[in-house]
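**Q** Below is the file model_18.cif, with mmCIF, C-alpha atoms and all ligand atoms.
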data_start
#
loop_
_atom_site.label_atom_id
_atom_site.label_comp_id
_atom_site.auth_asym_id
_atom_site.auth_seq_id
_atom_site.Cartn_x
_atom_site.Cartn_y
_atom_site.Cartn_z
CA MET A 1 6.26 -25.94 9.00
CA ASN A 2 8.00 -24.75 5.82
CA ASN A 3 10.84 -22.31 6.15
CA PRO A 4 9.69 -18.91 5.00
CA VAL A 5 10.81 -17.85 1.52
CA ILE A 6 11.48 -14.31 2.74
CA LYS A 7 12.28 -13.36 6.30
CA THR A 8 13.50 -9.94 7.28
CA ASN A 9 14.65 -9.28 10.77
CA ALA A 10 14.40 -5.73 12.15
CA LEU A 11 15.03 -4.32 8.68
CA SER A 12 15.63 -0.57 8.86
CA TYR A 13 16.72 1.84 6.17
CA TYR A 14 17.76 5.48 5.93
CA TYR A 15 17.89 7.40 2.65
CA SER A 16 19.40 10.22 4.66
CA ALA A 17 20.95 10.25 8.12
CA GLN A 18 18.13 12.43 9.45
CA GLU A 19 15.22 10.32 8.26
CA LYS A 20 14.47 6.68 9.00
CA THR A 21 12.44 5.42 6.02
CA LEU A 22 11.97 1.86 7.30
CA SER A 23 11.78 0.95 10.93
CA GLU A 24 12.45 -2.63 12.07
CA ILE A 25 10.39 -4.43 9.48
CA ASN A 26 9.87 -8.13 10.20
CA LEU A 27 8.37 -9.37 6.98
CA GLN A 28 7.71 -13.07 6.59
CA VAL A 29 6.50 -14.68 3.38
CA GLU A 30 5.55 -18.36 3.51
CA ARG A 31 6.36 -20.69 0.63
CA GLY A 32 3.42 -21.08 -1.74
CA SER A 33 1.65 -17.95 -0.54
CA ILE A 34 0.48 -14.86 -2.38
CA TYR A 35 1.52 -12.06 -0.07
CA GLY A 36 -0.16 -8.68 -0.45
CA PHE A 37 2.15 -5.91 0.73
CA LEU A 38 -0.12 -2.97 1.37
CA GLY A 39 0.38 0.62 2.31
CA PRO A 40 -0.44 4.11 1.11
CA ASN A 41 1.91 5.98 -1.22
CA GLY A 42 5.22 6.75 0.41
CA SER A 43 4.83 4.18 3.20
CA GLY A 44 7.98 2.24 2.23
CA LYS A 45 6.82 -0.65 0.04
CA THR A 46 9.19 -0.01 -2.86
CA THR A 47 12.07 0.61 -0.46
CA THR A 48 11.42 -2.72 1.31
CA LEU A 49 11.13 -4.64 -1.97
CA SER A 50 14.24 -2.94 -3.37
CA LEU A 51 16.20 -4.05 -0.30
CA ILE A 52 14.92 -7.61 -0.71
CA LEU A 53 16.05 -7.53 -4.35
CA GLY A 54 19.48 -6.20 -3.41
CA LEU A 55 18.83 -2.94 -5.30
CA LEU A 56 19.65 -0.82 -2.25
CA ASP A 57 22.63 -1.35 0.00
CA SER A 58 23.48 -1.24 3.66
CA PRO A 59 20.24 -1.62 5.58
CA ASP A 60 20.22 -2.33 9.29
CA GLY A 61 18.90 -5.76 10.26
CA SER A 62 18.98 -8.83 8.06
CA ILE A 63 17.28 -10.35 5.02
CA GLU A 64 17.01 -14.09 4.52
CA ILE A 65 15.65 -15.48 1.27
CA PHE A 66 15.21 -19.21 0.70
CA GLY A 67 16.83 -19.64 4.13
CA GLN A 68 20.05 -17.91 3.04
CA HIS A 69 21.38 -14.50 3.97
CA LEU A 70 20.99 -12.19 0.99
CA HIS A 71 24.15 -10.36 1.98
CA SER A 72 26.41 -13.40 1.65
CA ASN A 73 24.56 -15.37 -1.09
CA ARG A 74 23.40 -12.55 -3.33
CA ILE A 75 23.87 -14.11 -6.77
CA GLY A 76 22.52 -17.55 -5.89
CA VAL A 77 19.47 -16.04 -4.19
CA LEU A 78 18.64 -13.43 -6.83
CA LYS A 79 18.82 -16.04 -9.61
CA LYS A 80 15.67 -17.61 -8.19
CA ILE A 81 13.65 -14.38 -8.06
CA GLY A 82 11.68 -12.72 -10.84
CA SER A 83 10.69 -9.12 -10.27
CA LEU A 84 8.81 -6.21 -11.69
CA ILE A 85 9.77 -3.20 -9.65
CA GLU A 86 10.12 -0.51 -12.26
CA SER A 87 8.71 -0.93 -15.74
CA PRO A 88 11.37 -2.68 -17.81
CA SER A 89 12.25 -1.11 -21.14
CA LEU A 90 10.06 -2.73 -23.74
CA TYR A 91 10.93 -2.16 -27.38
CA ALA A 92 7.79 -0.59 -28.90
CA HIS A 93 8.69 -1.51 -32.50
CA LEU A 94 9.21 -5.21 -31.67
CA THR A 95 6.65 -7.96 -31.07
CA ALA A 96 6.17 -9.66 -27.69
CA LYS A 97 8.28 -12.62 -28.80
CA GLU A 98 11.05 -10.39 -30.18
CA ASN A 99 11.15 -8.47 -26.91
CA LEU A 100 11.47 -11.72 -24.98
CA ASN A 101 14.22 -12.90 -27.32
CA VAL A 102 16.20 -9.72 -26.60
CA TYR A 103 16.11 -10.55 -22.87
CA ARG A 104 16.50 -14.31 -23.35
CA ALA A 105 20.28 -14.06 -23.63
CA VAL A 106 20.51 -12.05 -20.40
CA TYR A 107 18.76 -14.82 -18.46
CA GLY A 108 20.25 -17.72 -20.41
CA ALA A 109 16.71 -18.94 -21.10
CA SER A 110 15.85 -21.34 -23.92
CA LYS A 111 13.72 -20.53 -26.99
CA ALA A 112 11.16 -22.99 -25.65
CA ARG A 113 10.94 -20.94 -22.45
CA VAL A 114 10.06 -17.85 -24.51
CA GLU A 115 7.10 -19.73 -26.03
CA GLU A 116 6.15 -21.02 -22.61
CA VAL A 117 6.09 -17.62 -20.88
CA LEU A 118 4.20 -16.04 -23.80
CA HIS A 119 1.57 -18.70 -23.36
CA ILE A 120 1.50 -18.36 -19.55
CA VAL A 121 0.80 -14.61 -19.68
CA GLY A 122 -1.81 -15.01 -22.41
CA LEU A 123 0.15 -13.30 -25.19
CA GLY A 124 0.72 -16.46 -27.23
CA ASP A 125 -1.48 -15.29 -30.08
CA THR A 126 -0.21 -11.72 -30.51
CA GLY A 127 1.89 -12.79 -33.54
CA LYS A 128 3.24 -9.84 -35.54
CA LYS A 129 1.55 -7.18 -33.44
CA THR A 130 4.18 -4.78 -32.15
CA VAL A 131 4.25 -3.58 -28.56
CA LYS A 132 3.28 -0.03 -29.51
CA LYS A 133 -0.16 -1.42 -30.37
CA PHE A 134 -0.50 -3.22 -27.02
CA SER A 135 -2.87 -2.07 -24.29
CA LEU A 136 -1.30 -1.14 -20.96
CA GLY A 137 -2.51 -4.47 -19.54
CA MET A 138 -0.79 -6.39 -22.35
CA LYS A 139 2.43 -4.43 -21.77
CA GLN A 140 2.23 -5.24 -18.08
CA ARG A 141 1.77 -8.94 -18.86
CA LEU A 142 4.74 -8.81 -21.22
CA SER A 143 6.79 -7.24 -18.43
CA ILE A 144 5.74 -10.13 -16.19
CA ALA A 145 6.70 -12.57 -18.96
CA LEU A 146 10.22 -11.06 -18.89
CA ALA A 147 10.35 -11.62 -15.14
CA LEU A 148 9.26 -15.23 -15.69
CA LEU A 149 12.03 -16.05 -18.18
CA PRO A 150 14.42 -17.47 -15.55
CA ASP A 151 11.58 -19.68 -14.19
CA PRO A 152 11.75 -18.07 -10.73
CA GLU A 153 10.53 -19.65 -7.49
CA LEU A 154 9.62 -16.24 -6.13
CA LEU A 155 7.99 -13.40 -8.03
CA ILE A 156 8.01 -9.85 -6.64
CA LEU A 157 5.65 -7.35 -8.26
CA ASP A 158 5.62 -3.72 -7.13
CA GLU A 159 2.23 -2.08 -7.76
CA PRO A 160 1.64 -4.01 -11.01
CA SER A 161 -1.99 -2.80 -11.25
CA ASN A 162 -1.03 0.88 -11.44
CA GLY A 163 -2.73 2.52 -14.38
CA LEU A 164 -4.64 -0.60 -15.47
CA ASP A 165 -8.35 -0.44 -16.26
CA PRO A 166 -10.74 -2.83 -14.44
CA ALA A 167 -10.46 -5.48 -17.20
CA GLY A 168 -6.65 -5.28 -17.05
CA ILE A 169 -6.75 -5.65 -13.27
CA ILE A 170 -8.92 -8.78 -13.54
CA GLU A 171 -6.59 -10.33 -16.17
CA LEU A 172 -3.58 -9.58 -14.00
CA ARG A 173 -5.28 -11.10 -10.96
CA GLU A 174 -6.12 -14.29 -12.86
CA LEU A 175 -2.54 -14.51 -14.11
CA ILE A 176 -1.12 -14.14 -10.61
CA LYS A 177 -3.47 -16.77 -9.21
CA ARG A 178 -2.53 -19.15 -12.03
CA LEU A 179 1.20 -18.65 -11.52
CA ASN A 180 0.72 -19.49 -7.87
CA ARG A 181 -1.63 -22.43 -8.34
CA GLU A 182 -0.27 -24.09 -11.47
CA HIS A 183 3.38 -23.13 -11.32
CA GLY A 184 3.85 -23.23 -7.54
CA MET A 185 5.28 -19.72 -7.44
CA THR A 186 5.42 -17.73 -4.23
CA ILE A 187 4.31 -14.20 -5.07
CA VAL A 188 4.69 -10.87 -3.33
CA ILE A 189 2.52 -8.11 -4.74
CA SER A 190 2.43 -4.57 -3.43
CA SER A 191 -0.52 -2.23 -3.71
CA HIS A 192 -2.03 0.82 -2.04
CA LEU A 193 -5.52 -0.64 -2.47
CA LEU A 194 -6.69 -3.55 -0.34
CA GLY A 195 -9.70 -4.11 -2.62
CA GLU A 196 -7.39 -4.64 -5.57
CA VAL A 197 -5.52 -7.55 -4.00
CA GLU A 198 -7.88 -9.12 -1.49
CA LYS A 199 -9.43 -11.41 -4.09
CA MET A 200 -6.11 -13.13 -4.70
CA VAL A 201 -3.85 -12.95 -1.66
CA SER A 202 -3.51 -15.53 1.08
CA HIS A 203 -1.42 -13.32 3.37
CA VAL A 204 -1.20 -9.62 4.01
CA GLY A 205 1.40 -7.23 5.40
CA ILE A 206 0.40 -3.63 6.03
CA ILE A 207 3.01 -0.92 6.25
CA LEU A 208 2.51 2.70 7.23
CA LYS A 209 5.24 5.35 7.55
CA GLY A 210 7.93 2.67 7.41
CA LYS A 211 6.43 0.53 10.18
CA MET A 212 4.68 -2.80 9.81
CA LEU A 213 1.23 -2.43 11.34
CA PHE A 214 -0.18 -5.84 10.59
CA GLN A 215 0.95 -9.16 9.21
CA GLY A 216 -1.07 -12.34 8.96
CA THR A 217 -3.41 -14.38 6.83
CA LEU A 218 -6.18 -12.69 4.88
CA SER A 219 -8.74 -14.22 7.24
CA ASP A 220 -6.87 -12.75 10.25
CA LEU A 221 -7.19 -9.37 8.56
CA GLN A 222 -10.85 -9.92 7.74
CA SER A 223 -11.67 -10.75 11.37
CA PHE A 224 -9.86 -7.60 12.41
CA GLN A 225 -11.83 -5.62 9.83
CA ARG A 226 -15.12 -7.06 11.04
CA LYS A 227 -14.38 -5.84 14.56
CA GLY A 228 -14.52 -2.24 13.45
CA ALA A 229 -17.17 -2.70 10.77
CA ARG A 230 -20.47 -0.84 10.79
CA LEU A 231 -23.88 -1.71 9.47
CA LEU A 232 -25.50 1.05 7.43
CA ILE A 233 -29.27 1.22 7.56
CA ASN A 234 -31.62 3.35 5.51
CA THR A 235 -35.39 3.25 5.88
CA SER A 236 -38.50 5.27 5.06
CA ASP A 237 -38.21 6.86 8.53
CA ASN A 238 -34.66 6.99 9.83
CA GLU A 239 -35.63 8.96 12.97
CA LYS A 240 -37.95 6.13 13.97
CA ALA A 241 -35.34 3.50 13.03
CA PHE A 242 -32.86 5.32 15.26
CA GLU A 243 -35.29 5.05 18.20
CA LEU A 244 -36.18 1.41 17.48
CA LEU A 245 -32.49 0.46 17.43
CA ARG A 246 -31.53 2.32 20.63
CA ASP A 247 -30.22 -0.93 22.18
CA HIS A 248 -27.64 -1.15 19.39
CA GLN A 249 -26.20 2.30 20.18
CA PRO A 250 -26.96 3.76 16.78
CA GLU A 251 -25.14 6.70 15.25
CA LYS A 252 -26.23 9.01 12.48
CA ALA A 253 -24.12 8.60 9.35
CA GLU A 254 -25.13 11.15 6.71
CA GLU A 255 -28.54 9.98 5.46
CA ASN A 256 -28.16 6.57 7.15
CA VAL A 257 -28.28 5.09 10.61
CA SER A 258 -25.11 3.23 11.52
CA ILE A 259 -24.57 0.55 14.19
CA ALA A 260 -21.67 -1.75 15.07
CA PHE A 261 -21.82 -4.84 12.85
CA HIS A 262 -21.49 -8.26 14.49
CA ASP A 263 -22.88 -10.97 12.24
CA LEU A 264 -25.51 -11.79 9.64
CA GLN A 265 -28.05 -12.92 12.24
CA GLN A 266 -27.98 -9.38 13.57
CA VAL A 267 -28.93 -8.14 10.06
CA ALA A 268 -31.96 -10.47 10.07
CA ASN A 269 -33.03 -9.34 13.56
CA ILE A 270 -32.77 -5.68 12.70
CA THR A 271 -34.69 -6.04 9.45
CA ARG A 272 -37.44 -7.85 11.35
CA ILE A 273 -37.73 -5.09 14.00
CA LEU A 274 -37.90 -2.41 11.34
CA THR A 275 -40.47 -4.13 9.13
CA GLN A 276 -42.62 -5.09 12.15
CA HIS A 277 -42.91 -1.34 12.81
CA ALA A 278 -44.05 -0.74 9.24
CA LEU A 279 -40.84 0.89 8.06
CA ASP A 280 -39.74 0.30 4.47
CA VAL A 281 -36.15 -0.94 4.58
CA TYR A 282 -34.09 0.43 1.70
CA LEU A 283 -30.64 -0.59 2.83
CA VAL A 284 -29.05 -2.83 5.46
CA CYS A 285 -25.46 -3.08 4.40
CA PRO A 286 -22.35 -4.19 6.28
CA GLN A 287 -19.72 -1.59 5.50
CA LYS A 288 -16.31 -3.19 5.55
CA ASN A 289 -13.36 -1.13 6.61
CA ASP A 290 -11.50 0.14 3.61
CA LEU A 291 -7.76 0.47 3.78
CA GLU A 292 -7.89 4.08 4.97
CA GLN A 293 -10.18 3.13 7.87
CA LEU A 294 -8.12 0.04 8.54
CA PHE A 295 -4.98 2.15 8.89
CA ILE A 296 -6.79 4.35 11.38
CA ASP A 297 -8.05 1.32 13.33
CA LEU A 298 -4.68 -0.43 13.24
CA THR A 299 -2.90 2.74 14.28
CA SER A 300 -5.30 3.42 17.12
CA SER A 301 -5.19 -0.21 18.28
CA GLN A 302 -1.40 0.17 18.62
CA SER A 303 -1.43 3.40 20.57
N1 LIG A 401 15.74 7.65 -3.66
C1 LIG A 401 15.17 8.22 -2.60
N2 LIG A 401 15.79 9.18 -1.90
C2 LIG A 401 15.24 9.75 -0.81
N3 LIG A 401 14.02 9.42 -0.33
C3 LIG A 401 13.35 8.45 -0.99
C4 LIG A 401 13.87 7.81 -2.16
N4 LIG A 401 12.97 6.90 -2.59
C5 LIG A 401 11.92 6.97 -1.74
N5 LIG A 401 12.15 7.90 -0.79
C6 LIG A 401 11.23 8.25 0.32
O1 LIG A 401 11.05 7.10 1.12
C7 LIG A 401 9.70 6.98 1.57
C8 LIG A 401 9.15 5.63 1.15
O2 LIG A 401 9.06 5.60 -0.27
P1 LIG A 401 8.66 4.28 -1.07
O3 LIG A 401 8.81 4.59 -2.52
O4 LIG A 401 9.40 3.11 -0.53
O5 LIG A 401 7.13 4.15 -0.67
P2 LIG A 401 5.98 3.31 -1.40
O6 LIG A 401 5.14 2.76 -0.31
O7 LIG A 401 6.56 2.36 -2.37
O8 LIG A 401 5.18 4.44 -2.13
P3 LIG A 401 4.75 4.56 -3.67
O9 LIG A 401 3.58 3.65 -3.81
O10 LIG A 401 4.38 6.01 -3.78
O11 LIG A 401 5.95 4.17 -4.48
C9 LIG A 401 8.96 8.16 0.98
O12 LIG A 401 8.90 9.18 1.96
C10 LIG A 401 9.83 8.59 -0.18
O13 LIG A 401 9.71 9.98 -0.40
#
Could I get this structure in the form of structure tokens?
**A**
Amino acid sequence: MNNPVIKTNALSYYYSAQEKTLSEINLQVERGSIYGFLGPNGSGKTTTLSLILGLLDSPDGSIEIFGQHLHSNRIGVLKKIGSLIESPSLYAHLTAKENLNVYRAVYGASKARVEEVLHIVGLGDTGKKTVKKFSLGMKQRLSIALALLPDPELLILDEPSNGLDPAGIIELRELIKRLNREHGMTIVISSHLLGEVEKMVSHVGIILKGKMLFQGTLSDLQSFQRKGARLLINTSDNEKAFELLRDHQPEKAEENVSIAFHDLQQVANITRILTQHALDVYLVCPQKNDLEQLFIDLTSSQS
């Protein structure tokens, strides 16, 4: 198996002596993966990513990137990482290309690379348009273009969807998938919304209050989610539906009847029972755990 691109070992961090912000985080990112780093606001995502990028000092535990200790190979390691952790300063009165040319010298990138990254992020045809006329999504893609200048092997994006409208989120998602698929980049993307990243990630790490609750492939997470999932049912007579589904240990959920969801065959069986008893079926809908519910389930499965 490939060596992981990022491997932290019992990574802990204190902003102040009294408060442990991160507690023994073992984060592992496989080469070629898109790793969704999920957690609610304040759970420690930015702190973890800042440590991985060498922006914060003196954690407990260790960080290995590309198989090397960050501590002793800082410059060599960081050269191969592109990141977007705080919005970079974009010059509003300059075009996308002019902005990239300002940063080009910093990264020692060629003029050809500027054209290349403009094209990759889909800003190749913005010509003379200055950044002040860009949408937020375009600004975000330009920020990613800056991170791509050094042609990194690993791209770390901290909450890049923040503030974007649905169209901007879709464009960003397509860009991330393309960078991974066509340019072989390993990507770490943090978010507080599972729904926002689950259409693109291959792996997921979930952090809550500085502790890693879950780490695995997206399908591992989906099987976990299914375990706690419920089926919502709404019919022309929910009282009767409740009685008919007694064997499934139904619960009342607002205007619906809710039962534990197992598989799609169960949906077919239930619909048949209900229609055979002349009930009109308005809704039979598997309700996947959202991130909030998942946190509750993951937390309770650990206690
Ligand atoms: N510079 C700092 N000094 C002291 N405490 C901090 C500092 N930065 C973050 N914290 C605290 O550390 C905890 C983790 O914050 P962090 O920013 O890593 O979380 P996050 O998951 O990235 O959340 P968000 O999505 O809101 O940025 C929070 O309780 C936060 O208040």
**Q** Contacts of A:Leu172 at 9 Å or less, counting all atoms listed in the file, minus same-chain residues fewer than 3 places along, as a PyMOL selection string?
**A** chain A and resi 121+137+140-141+160-161+167-169+175-177
**Q** Which residues are near ligand LIG 401 (chain A) - at most 6 Å, using only C-alpha atoms and all ligand atoms? Format: as a PDB file with C-alpha atoms, keeping the file's coordinate frame.
**A**
ATOM      1  CA  TYR A  15      17.890   7.400   2.650  1.00  0.00           C
ATOM      2  CA  THR A  21      12.440   5.420   6.020  1.00  0.00           C
ATOM      3  CA  GLY A  39       0.380   0.620   2.310  1.00  0.00           C
ATOM      4  CA  PRO A  40      -0.440   4.110   1.110  1.00  0.00           C
ATOM      5  CA  ASN A  41       1.910   5.980  -1.220  1.00  0.00           C
ATOM      6  CA  GLY A  42       5.220   6.750   0.410  1.00  0.00           C
ATOM      7  CA  SER A  43       4.830   4.180   3.200  1.00  0.00           C
ATOM      8  CA  GLY A  44       7.980   2.240   2.230  1.00  0.00           C
ATOM      9  CA  LYS A  45       6.820  -0.650   0.040  1.00  0.00           C
ATOM     10  CA  THR A  46       9.190  -0.010  -2.860  1.00  0.00           C
ATOM     11  CA  THR A  47      12.070   0.610  -0.460  1.00  0.00           C
TER      12      THR A  47
END
**Q** Nearest to A:Pro59 among A:Gln276, A:Asn9, A:Tyr103, A:His93, with distances taken over all atoms listed in the file: which residue is it?
**A**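 Looking at the shortest contact to A:Pro59, the residue is A:Asn9.
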**Q** For A:Glu239, list every protein, DNA or RNA residue within 10 Å, evaluated using only C-alpha atoms, and leave out those in the same chain fewer than 5 positions away; present the list as a list in words.
**A** Leu244, Lys252, Asn256 and Val257 of chain A
**Q** Residues at most 9 Å from A:Asp151, counting only C-alpha atoms, excluding those fewer than 5 positions away in the same chain, as a list in words?
**A** Lys80, Ile81, Gly82, Ala109, Arg113 and Val117 of chain A
**Q** Restricting the calculation to only C-alpha atoms, which member of A:Ile273, A:Ile25, A:Leu11, A:Ile120 is positioned closest to A:Gly205?
**A**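 Smallest distance to A:Gly205 is found for A:Ile25.
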**Q** Can you work out the spacing between atom CA of A:Leu148 and atom CA of A:Phe214 in Å, to one decimal?
**A**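 Between atom CA of A:Leu148 and atom CA of A:Phe214 the gap is 29.5 Å.
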**Q** Which residues are close to stretch 190-202 of chain A, i.e. within 7 Å by only C-alpha atoms, leaving aside same-chain residues fewer than 5 positions away? Reply as a PyMOL selection string.
**A** chain A and resi 33-41+45+157-159+173+177+217-218+291
**Q** Counting all atoms listed in the file, figure out which residue out of A:Leu213, A:Val102, A:Leu78, A:Leu245 gets nearest to A:Pro150.
**A**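 Among the listed residues, A:Leu78 lies closest to A:Pro150.
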**Q** Expressed in Å to a single decimal, how great is the separation between atom CA of A:Leu155 and atom CA of A:Glu171?
**A**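 Distance between the two atoms: 17.0 Å.
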**Q** Name all residues at most 8 Å from A:Leu118 (count all atoms listed in the file; drop same-chain ones fewer than 5 positions away) and give them as a list of chain:residue names.
**A** A:Ala96, A:Lys97, A:Leu123, A:Gly124, A:Leu142, A:Ala145
**Q** Quick check, in Å to one decimal: how far apart do atom CA of A:Gly210 and atom CA of A:Thr8 lie?
**A**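 Computing the Euclidean distance for atom CA of A:Gly210 and atom CA of A:Thr8 yields 13.8 Å.
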**Q** Go through A:Lys211, A:Lys227, A:Arg31, A:Lys129 and flag the residue nearest A:Asn3, using only C-alpha atoms for the distances.
**A**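 Going through A:Lys211, A:Lys227, A:Arg31, A:Lys129 one by one, the smallest distance to A:Asn3 is for A:Arg31.
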**Q** Looking at A:Val267, A:Leu154, A:Leu90, A:Leu283, which one is nearest to A:Asn180, with distances taken over only C-alpha atoms?
**A** A:Leu154
